[in-house]
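What follows is the content of work_16.cif (mmCIF, C-alpha atoms).
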data_query
#
loop_
_atom_site.label_atom_id
_atom_site.label_comp_id
_atom_site.auth_asym_id
_atom_site.auth_seq_id
_atom_site.Cartn_x
_atom_site.Cartn_y
_atom_site.Cartn_z
CA MET L 43 -5.31 -19.25 9.94
CA ASN L 44 -3.59 -20.97 7.08
CA ALA L 45 -0.45 -23.07 6.94
CA HIS L 46 1.76 -20.06 6.50
CA GLU L 47 1.02 -18.94 10.07
CA PRO L 48 1.29 -15.32 9.14
CA SER L 49 0.02 -14.07 12.47
CA ASN L 50 3.45 -14.28 14.12
CA LEU L 51 5.04 -12.71 11.12
CA LEU L 52 2.56 -9.88 11.11
CA THR L 53 3.08 -8.94 14.71
CA GLY L 54 6.81 -9.03 13.97
CA SER L 55 6.52 -6.56 11.10
CA PRO L 56 6.43 -3.08 12.56
CA GLU L 57 3.74 -0.71 11.25
CA LEU L 58 2.26 -3.26 8.82
CA PRO L 59 -1.14 -1.93 7.71
CA LYS L 60 -3.79 -4.35 8.97
CA SER L 61 -7.51 -4.75 8.56
CA LEU L 62 -9.90 -4.99 11.51
CA GLU L 63 -9.64 -8.77 11.18
CA GLY L 64 -5.87 -8.55 11.52
CA ASP L 65 -5.00 -9.36 7.92
CA PRO L 66 -2.41 -7.33 6.09
CA VAL L 67 -3.82 -4.67 3.80
CA PHE L 68 -2.32 -4.24 0.36
CA ALA L 69 -3.09 -1.36 -1.94
CA GLU L 70 -1.62 -3.02 -5.01
CA PRO L 71 -0.64 -6.54 -6.03
CA TRP L 72 3.10 -5.91 -6.02
CA GLN L 73 2.81 -5.21 -2.32
CA ALA L 74 1.19 -8.58 -1.72
CA GLU L 75 3.84 -10.24 -3.89
CA ALA L 76 6.64 -8.60 -1.92
CA PHE L 77 4.96 -9.70 1.30
CA ALA L 78 4.50 -13.26 0.01
CA MET L 79 8.10 -13.54 -1.17
CA THR L 80 9.32 -12.45 2.23
CA VAL L 81 7.11 -15.01 3.96
CA ARG L 82 8.37 -17.71 1.61
CA LEU L 83 12.07 -16.85 2.07
CA HIS L 84 11.54 -16.99 5.80
CA GLU L 85 9.81 -20.39 5.51
CA LYS L 86 12.78 -21.62 3.51
CA GLY L 87 15.12 -20.52 6.26
CA VAL L 88 16.87 -17.88 4.15
CA PHE L 89 16.57 -15.45 7.05
CA SER L 90 14.97 -15.41 10.46
CA TRP L 91 12.00 -13.20 11.13
CA SER L 92 14.00 -11.11 13.58
CA GLU L 93 16.61 -10.46 10.87
CA TRP L 94 13.75 -9.41 8.64
CA ALA L 95 12.15 -7.15 11.22
CA GLU L 96 15.50 -5.47 11.79
CA ALA L 97 16.05 -4.88 8.07
CA LEU L 98 12.54 -3.48 7.73
CA SER L 99 12.94 -1.21 10.74
CA ARG L 100 16.13 0.21 9.31
CA GLU L 101 14.22 1.32 6.21
CA LEU L 102 11.16 2.49 8.11
CA TYR L 103 13.13 4.81 10.34
CA GLN L 104 15.11 6.48 7.59
CA PRO L 105 14.57 10.22 7.29
CA GLY L 106 12.33 11.44 4.47
CA ARG L 107 9.51 8.92 4.84
CA CYS L 108 5.97 9.93 3.94
CA ALA L 109 4.10 11.17 6.99
CA ASP L 110 0.98 9.22 6.01
CA GLY L 111 2.83 5.92 5.75
CA SER L 112 1.86 5.47 2.09
CA ASP L 113 5.42 4.41 1.28
CA TYR L 114 5.35 1.52 3.74
CA PHE L 115 5.71 -1.14 1.06
CA ASP L 116 8.39 0.88 -0.73
CA CYS L 117 10.35 0.45 2.51
CA TRP L 118 9.41 -3.22 2.57
CA VAL L 119 10.84 -3.76 -0.92
CA ALA L 120 13.96 -1.75 -0.08
CA ALA L 121 14.48 -3.89 3.04
CA LEU L 122 13.98 -7.12 1.10
CA SER L 123 16.38 -5.97 -1.63
CA ARG L 124 18.99 -5.03 0.93
CA LEU L 125 18.65 -8.27 2.85
CA VAL L 126 19.03 -10.50 -0.21
CA THR L 127 22.05 -8.51 -1.42
CA GLU L 128 23.65 -8.66 2.03
CA LEU L 129 23.13 -12.42 1.96
CA SER L 130 24.89 -12.44 -1.44
CA ILE L 131 21.87 -14.00 -3.14
CA THR L 132 22.04 -11.24 -5.71
CA SER L 133 23.61 -7.84 -6.17
CA GLU L 134 22.15 -4.36 -6.25
CA ALA L 135 23.47 -4.01 -9.82
CA GLN L 136 21.71 -7.18 -10.92
CA LEU L 137 18.43 -6.06 -9.35
CA ASP L 138 18.69 -2.65 -11.05
CA HIS L 139 19.46 -4.31 -14.35
CA LEU L 140 16.46 -6.66 -14.06
CA THR L 141 14.18 -3.82 -12.94
CA ARG L 142 14.95 -1.84 -16.08
CA SER L 143 14.60 -4.96 -18.19
CA TRP L 144 11.09 -5.59 -16.82
CA GLN L 145 10.14 -1.98 -17.53
CA ARG L 146 11.31 -2.25 -21.14
CA ALA L 147 9.48 -5.57 -21.45
CA ALA L 148 6.24 -3.98 -20.18
CA GLU L 149 6.51 -1.07 -22.62
CA ALA L 150 7.20 -3.45 -25.51
CA THR L 151 4.25 -5.75 -24.74
CA PRO L 152 1.02 -4.98 -26.59
CA HIS L 153 -2.17 -4.54 -24.58
CA GLY L 154 -3.82 -7.89 -23.98
CA GLN L 155 -0.64 -9.97 -24.01
CA PRO L 156 1.13 -11.33 -20.97
CA ILE L 157 4.15 -9.29 -19.98
CA LEU L 158 7.18 -11.56 -20.10
CA LEU L 159 10.79 -10.73 -19.43
CA GLU L 160 11.65 -12.15 -22.86
CA ASN L 161 9.71 -9.23 -24.37
CA ASP L 162 12.52 -6.85 -23.38
CA PRO L 163 13.88 -5.73 -26.77
CA ALA L 164 17.33 -5.17 -25.23
CA LEU L 165 17.71 -8.84 -24.32
CA MET O 98 -22.23 3.71 -24.50
CA HIS O 99 -20.52 1.17 -26.65
CA ASP O 100 -19.18 -2.26 -25.99
CA HIS O 101 -15.50 -1.58 -26.34
CA ASP O 102 -13.79 1.62 -25.46
CA ASP O 103 -10.95 2.61 -27.68
CA HIS O 104 -7.74 2.30 -25.82
CA ASP O 105 -4.29 3.34 -26.74
CA HIS O 106 -1.58 0.77 -26.89
CA HIS O 107 1.17 2.30 -24.85
CA ASP O 108 -0.52 1.54 -21.58
CA ASN O 109 1.69 -1.31 -20.44
CA HIS O 110 3.90 0.42 -18.01
CA PHE O 111 5.49 -0.96 -14.87
CA PRO O 112 5.89 1.64 -12.17
CA ASP O 113 9.29 1.44 -10.45
CA MET O 114 8.16 -0.57 -7.44
CA GLN O 115 6.24 -3.09 -9.50
CA ALA O 116 9.26 -3.61 -11.77
CA ARG O 117 11.53 -3.91 -8.76
CA VAL O 118 9.32 -6.63 -7.25
CA LYS O 119 9.33 -8.47 -10.58
CA ALA O 120 13.14 -8.22 -10.58
CA LEU O 121 13.31 -9.72 -7.08
CA GLU O 122 10.89 -12.45 -8.09
CA THR O 123 12.95 -13.27 -11.20
CA VAL O 124 16.24 -13.55 -9.39
CA LEU O 125 14.80 -15.48 -6.43
CA THR O 126 13.05 -17.88 -8.81
CA GLN O 127 16.29 -18.39 -10.77
CA LYS O 128 18.07 -19.22 -7.53
CA GLY O 129 15.37 -21.76 -6.67
CA LEU O 130 14.41 -19.92 -3.49
CA ILE O 131 10.83 -19.25 -4.45
CA ASP O 132 8.44 -20.54 -7.04
CA PRO O 133 5.63 -18.45 -8.48
CA ALA O 134 2.98 -21.01 -7.50
CA ALA O 135 3.93 -20.75 -3.83
CA ILE O 136 3.77 -16.96 -4.03
CA ASP O 137 0.35 -17.10 -5.70
CA ALA O 138 -0.86 -19.44 -2.96
CA ILE O 139 0.16 -17.01 -0.24
CA VAL O 140 -1.34 -14.05 -2.08
CA GLU O 141 -4.54 -15.98 -2.68
CA THR O 142 -5.15 -16.37 1.03
CA TYR O 143 -5.55 -12.61 1.24
CA GLU O 144 -7.16 -11.64 -2.01
CA THR O 145 -10.75 -12.12 -0.95
CA LYS O 146 -10.41 -10.86 2.59
CA ILE O 147 -9.48 -7.32 1.82
CA GLY O 148 -10.12 -4.61 -0.67
CA PRO O 149 -13.40 -5.80 -2.14
CA ARG O 150 -15.16 -4.34 0.89
CA ASN O 151 -14.39 -0.86 -0.46
CA GLY O 152 -16.12 -1.66 -3.73
CA ALA O 153 -19.03 -3.26 -1.88
CA ARG O 154 -19.53 -0.01 0.03
CA VAL O 155 -19.63 1.89 -3.26
CA VAL O 156 -22.31 -0.49 -4.54
CA ALA O 157 -24.38 -0.34 -1.34
CA LYS O 158 -24.31 3.45 -1.41
CA ALA O 159 -25.35 3.50 -5.06
CA TRP O 160 -28.28 1.19 -4.27
CA SER O 161 -29.38 3.37 -1.35
CA GLU O 162 -28.80 6.88 -2.63
CA PRO O 163 -30.07 7.77 -6.12
CA ASP O 164 -28.01 10.97 -6.16
CA PHE O 165 -24.84 9.01 -5.50
CA ALA O 166 -25.78 6.45 -8.18
CA ASP O 167 -26.28 9.30 -10.61
CA TRP O 168 -22.90 10.82 -9.74
CA LEU O 169 -21.29 7.39 -10.03
CA SER O 170 -22.69 6.92 -13.51
CA ARG O 171 -21.49 10.35 -14.64
CA ASP O 172 -18.11 10.54 -12.90
CA ALA O 173 -17.17 7.36 -11.11
CA THR O 174 -13.63 8.57 -10.43
CA ALA O 175 -14.85 11.51 -8.37
CA ALA O 176 -17.76 9.67 -6.74
CA ILE O 177 -15.50 6.83 -5.59
CA ALA O 178 -12.75 9.21 -4.48
CA SER O 179 -15.32 10.98 -2.29
CA LEU O 180 -15.39 7.81 -0.19
CA GLY O 181 -11.64 7.93 0.20
CA TYR O 182 -10.82 5.13 -2.24
CA SER O 183 -8.46 6.17 -4.95
CA GLY O 184 -5.63 4.51 -6.75
CA ARG O 185 -2.10 5.54 -6.12
CA GLN O 186 -1.52 6.06 -9.82
CA GLY O 187 -4.62 8.21 -10.28
CA GLU O 188 -6.30 5.86 -12.72
CA HIS O 189 -9.81 6.66 -13.90
CA MET O 190 -12.80 4.59 -12.89
CA ARG O 191 -16.01 3.96 -14.73
CA ALA O 192 -19.04 2.29 -13.18
CA VAL O 193 -21.16 0.09 -15.43
CA PHE O 194 -24.63 -0.71 -14.14
CA ASN O 195 -26.34 -4.05 -14.61
CA THR O 196 -29.97 -3.76 -15.63
CA PRO O 197 -32.72 -6.31 -16.28
CA GLU O 198 -31.69 -6.16 -19.97
CA THR O 199 -27.90 -6.03 -19.73
CA HIS O 200 -25.19 -7.79 -17.76
CA ASN O 201 -21.70 -6.30 -17.64
CA LEU O 202 -18.45 -8.23 -17.49
CA VAL O 203 -14.99 -6.75 -17.00
CA VAL O 204 -11.85 -8.23 -18.47
CA CYS O 205 -8.33 -7.02 -18.41
CA THR O 206 -4.93 -7.60 -19.79
CA LEU O 207 -2.54 -9.45 -17.60
CA CYS O 208 -0.67 -6.50 -16.27
CA SER O 209 -1.97 -3.77 -14.07
CA CYS O 210 -5.49 -3.19 -15.26
CA TYR O 211 -7.55 -3.83 -12.17
CA PRO O 212 -9.09 -1.33 -9.77
CA TRP O 213 -7.02 -2.32 -6.75
CA ALA O 214 -8.17 0.57 -4.64
CA VAL O 215 -11.78 -0.55 -4.90
CA LEU O 216 -11.63 -4.29 -5.43
CA GLY O 217 -8.45 -5.29 -3.65
CA LEU O 218 -6.22 -7.92 -5.18
CA PRO O 219 -7.24 -9.50 -8.45
CA PRO O 220 -8.13 -13.19 -8.29
CA VAL O 221 -5.52 -15.48 -9.82
CA TRP O 222 -7.95 -16.61 -12.55
CA TYR O 223 -8.46 -12.99 -13.60
CA LYS O 224 -4.79 -12.69 -14.45
CA ALA O 225 -4.73 -15.91 -16.48
CA PRO O 226 -4.52 -15.57 -20.27
CA PRO O 227 -7.50 -17.89 -20.98
CA TYR O 228 -9.93 -15.77 -18.98
CA ARG O 229 -9.38 -12.62 -20.96
CA SER O 230 -9.36 -14.13 -24.42
CA ARG O 231 -12.34 -16.39 -23.77
CA ALA O 232 -14.36 -13.72 -22.00
CA VAL O 233 -14.20 -11.59 -25.13
CA ILE O 234 -15.03 -14.44 -27.53
CA ASP O 235 -17.57 -16.34 -25.45
CA PRO O 236 -18.67 -14.38 -22.40
CA ARG O 237 -21.79 -16.49 -21.91
CA GLY O 238 -19.73 -19.67 -21.79
CA VAL O 239 -17.24 -18.17 -19.33
CA LEU O 240 -20.07 -17.04 -17.06
CA GLU O 241 -21.56 -20.52 -17.12
CA GLU O 242 -18.25 -21.87 -15.87
CA PHE O 243 -18.60 -19.51 -12.95
CA GLY O 244 -22.03 -21.03 -12.32
CA LEU O 245 -23.84 -18.02 -13.71
CA THR O 246 -26.35 -18.91 -16.40
CA LEU O 247 -28.06 -15.85 -17.80
CA PRO O 248 -31.22 -15.93 -19.88
CA HIS O 249 -30.46 -15.73 -23.58
CA THR O 250 -32.53 -12.59 -23.83
CA LYS O 251 -30.05 -10.81 -21.59
CA LYS O 252 -27.33 -8.90 -23.39
CA ILE O 253 -23.77 -9.25 -22.12
CA ARG O 254 -21.41 -6.32 -22.47
CA VAL O 255 -17.69 -6.92 -22.09
CA TRP O 256 -15.47 -4.09 -20.93
CA ASP O 257 -11.75 -4.24 -21.48
CA SER O 258 -9.86 -2.41 -18.76
CA THR O 259 -6.73 -0.47 -19.48
CA ALA O 260 -4.13 0.99 -17.17
CA GLU O 261 -5.86 4.37 -17.52
CA LEU O 262 -9.50 3.35 -17.28
CA ARG O 263 -10.79 0.65 -15.00
CA TYR O 264 -14.31 -0.60 -14.49
CA ILE O 265 -16.48 -1.61 -11.60
CA VAL O 266 -19.74 -3.42 -12.22
CA ILE O 267 -22.70 -2.24 -10.15
CA PRO O 268 -24.80 -5.39 -9.81
CA GLU O 269 -28.57 -5.26 -9.62
CA ARG O 270 -29.95 -4.84 -6.13
CA PRO O 271 -31.44 -8.12 -4.93
CA GLU O 272 -35.18 -8.23 -4.34
CA GLY O 273 -36.48 -7.93 -0.82
CA THR O 274 -33.67 -5.69 0.41
CA GLU O 275 -35.69 -2.48 0.74
CA GLY O 276 -35.40 -2.39 4.52
CA LEU O 277 -31.65 -3.02 4.72
CA ASP O 278 -29.16 -0.35 5.66
CA GLN O 279 -25.91 0.17 3.77
CA ASP O 280 -23.84 -2.00 6.12
CA ALA O 281 -26.19 -4.93 5.60
CA LEU O 282 -26.27 -4.31 1.85
CA THR O 283 -22.47 -4.28 1.73
CA ASP O 284 -22.48 -7.91 2.88
CA LEU O 285 -24.52 -8.86 -0.18
CA VAL O 286 -21.86 -7.67 -2.65
CA PRO O 287 -19.15 -10.26 -3.29
CA ARG O 288 -16.08 -9.33 -5.28
CA ASP O 289 -17.09 -11.34 -8.32
CA SER O 290 -20.35 -9.41 -8.63
CA MET O 291 -18.26 -6.27 -9.20
CA ILE O 292 -16.22 -7.97 -11.93
CA GLY O 293 -19.38 -9.39 -13.46
CA THR O 294 -18.62 -13.08 -13.00
CA GLY O 295 -21.28 -13.26 -10.29
CA LEU O 296 -24.36 -11.53 -8.96
CA ALA O 297 -25.19 -9.87 -5.67
CA LYS O 298 -26.25 -12.40 -3.05
CA PRO O 299 -29.91 -12.90 -2.25
CA VAL O 300 -31.15 -11.75 1.13
CA GLY O 301 -30.30 -14.08 3.95
CA ALA O 302 -27.12 -15.25 2.27
CA GLY O 303 -25.03 -12.43 3.72
CA ARG O 304 -22.41 -13.08 6.30
#
Any chance you could give the structure as structure tokens?
Amino acid sequence: MNAHEPSNLLTGSPELPKSLEGDPVFAEPWQAEAFAMTVRLHEKGVFSWSEWAEALSRELYQPGRCADGSDYFDCWVAALSRLVTELSITSEAQLDHLTRSWQRAAEATPHGQPILLENDPAL
Amino acid sequence: MHDHDDHDHHDNHFPDMQARVKALETVLTQKGLIDPAAIDAIVETYETKIGPRNGARVVAKAWSEPDFADWLSRDATAAIASLGYSGRQGEHMRAVFNTPETHNLVVCTLCSCYPWAVLGLPPVWYKAPPYRSRAVIDPRGVLEEFGLTLPHTKKIRVWDSTAELRYIVIPERPEGTEGLDQDALTDLVPRDSMIGTGLAKPVGAGR
């Protein structure tokens, strides 16, 4: 195991999809990035893992979830967003604003170029 | 077959969740709570452990079953989906087969053009600007940096992935593997061999 000691974190994340070797399974990179940011915020002491697990559980047990669990990381991102807004690190409005800005930046970036936030034409 | 597929230029699109994660990353970076290098380091610990096994199973099946290889060459999207591996955004797949004459190499833009469902997470170097630009200009030189020196008689084809069409390289089957079953063959297919920056492993080098 590496220095991030993810094993404890994994067992403390309900329903996390895992491989036979016990590693988390990500379908797309943003899922791994969301996972990594959460691990990092925990390492920095921004929240405890039990606070995290509680925030995640709240999202996971909302009505209307996909029966096959394919929206697991959607819940993860929702939980992370909620936790950082509750901790007043940012606001829901700021996250929404930045989300739209990144989408405009992606659309405005030609194929083959790195997508940068500065590429948002509305900035 | 031709070296570069035409691709349209409105293919940079961030799905909602991807944009949302970028938004979180931006604000957390601005606040000094995370730095992108630390996030990459955590992601990197997982990138090779997962995902690529799906692609390796596709390759092993293609080596073992000519009918499947034929299907894969005609309609990779359907052939790969038949194994239960398909992208959430329904992107199309194309399999490009290495031959004694031709080696295939896949490059991508820096956004979302990687067959996650089959190959797992992209390596950090794959997302770096120098890889893409240099792979197009000097593929032989890039391969040499990966420790892969190909004979000059071998042609190198470079395939540029888009968000709609993604490639998997089917490496050549190593010699002396006639008696191996698909599970054993799967162990001979590292991720890089399916991007084209490596080859399948020789027998005995499997895990």
Practice prompt. Run the PyMOL selection byres ((chain L) within 6 of (chain O)) on the file and write out the hits as a PyMOL selection string.
Written response: chain L and resi 70-72+78+137+140-141+144-145+148-149+153-154+156
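Atom CA of L:Pro152 to atom CA of O:Arg263 spans 17.5 Å [interatomic distance, one decimal].
The gap separating atom CA of L:Gln73 from atom CA of L:Cys117 is 10.6 Å, in Å to one decimal.
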Worksheet item: Within 12 Å of L:Asp110, counting all atoms listed in the file, which residues qualify if same-chain residues fewer than 3 places away don't, as a list of chain:residue names?
Response: L:Glu57, L:Pro59, L:Gly106, L:Arg107, L:Asp113, L:Tyr114
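Note that atom CA of O:His200 and atom CA of O:Arg254 are 6.2 Å apart.
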Item to complete: Using only C-alpha atoms, find the one residue out of O:Asn201, O:Gln279, O:Thr174, O:Thr274 that sits nearest to O:Glu162.
Response: O:Gln279
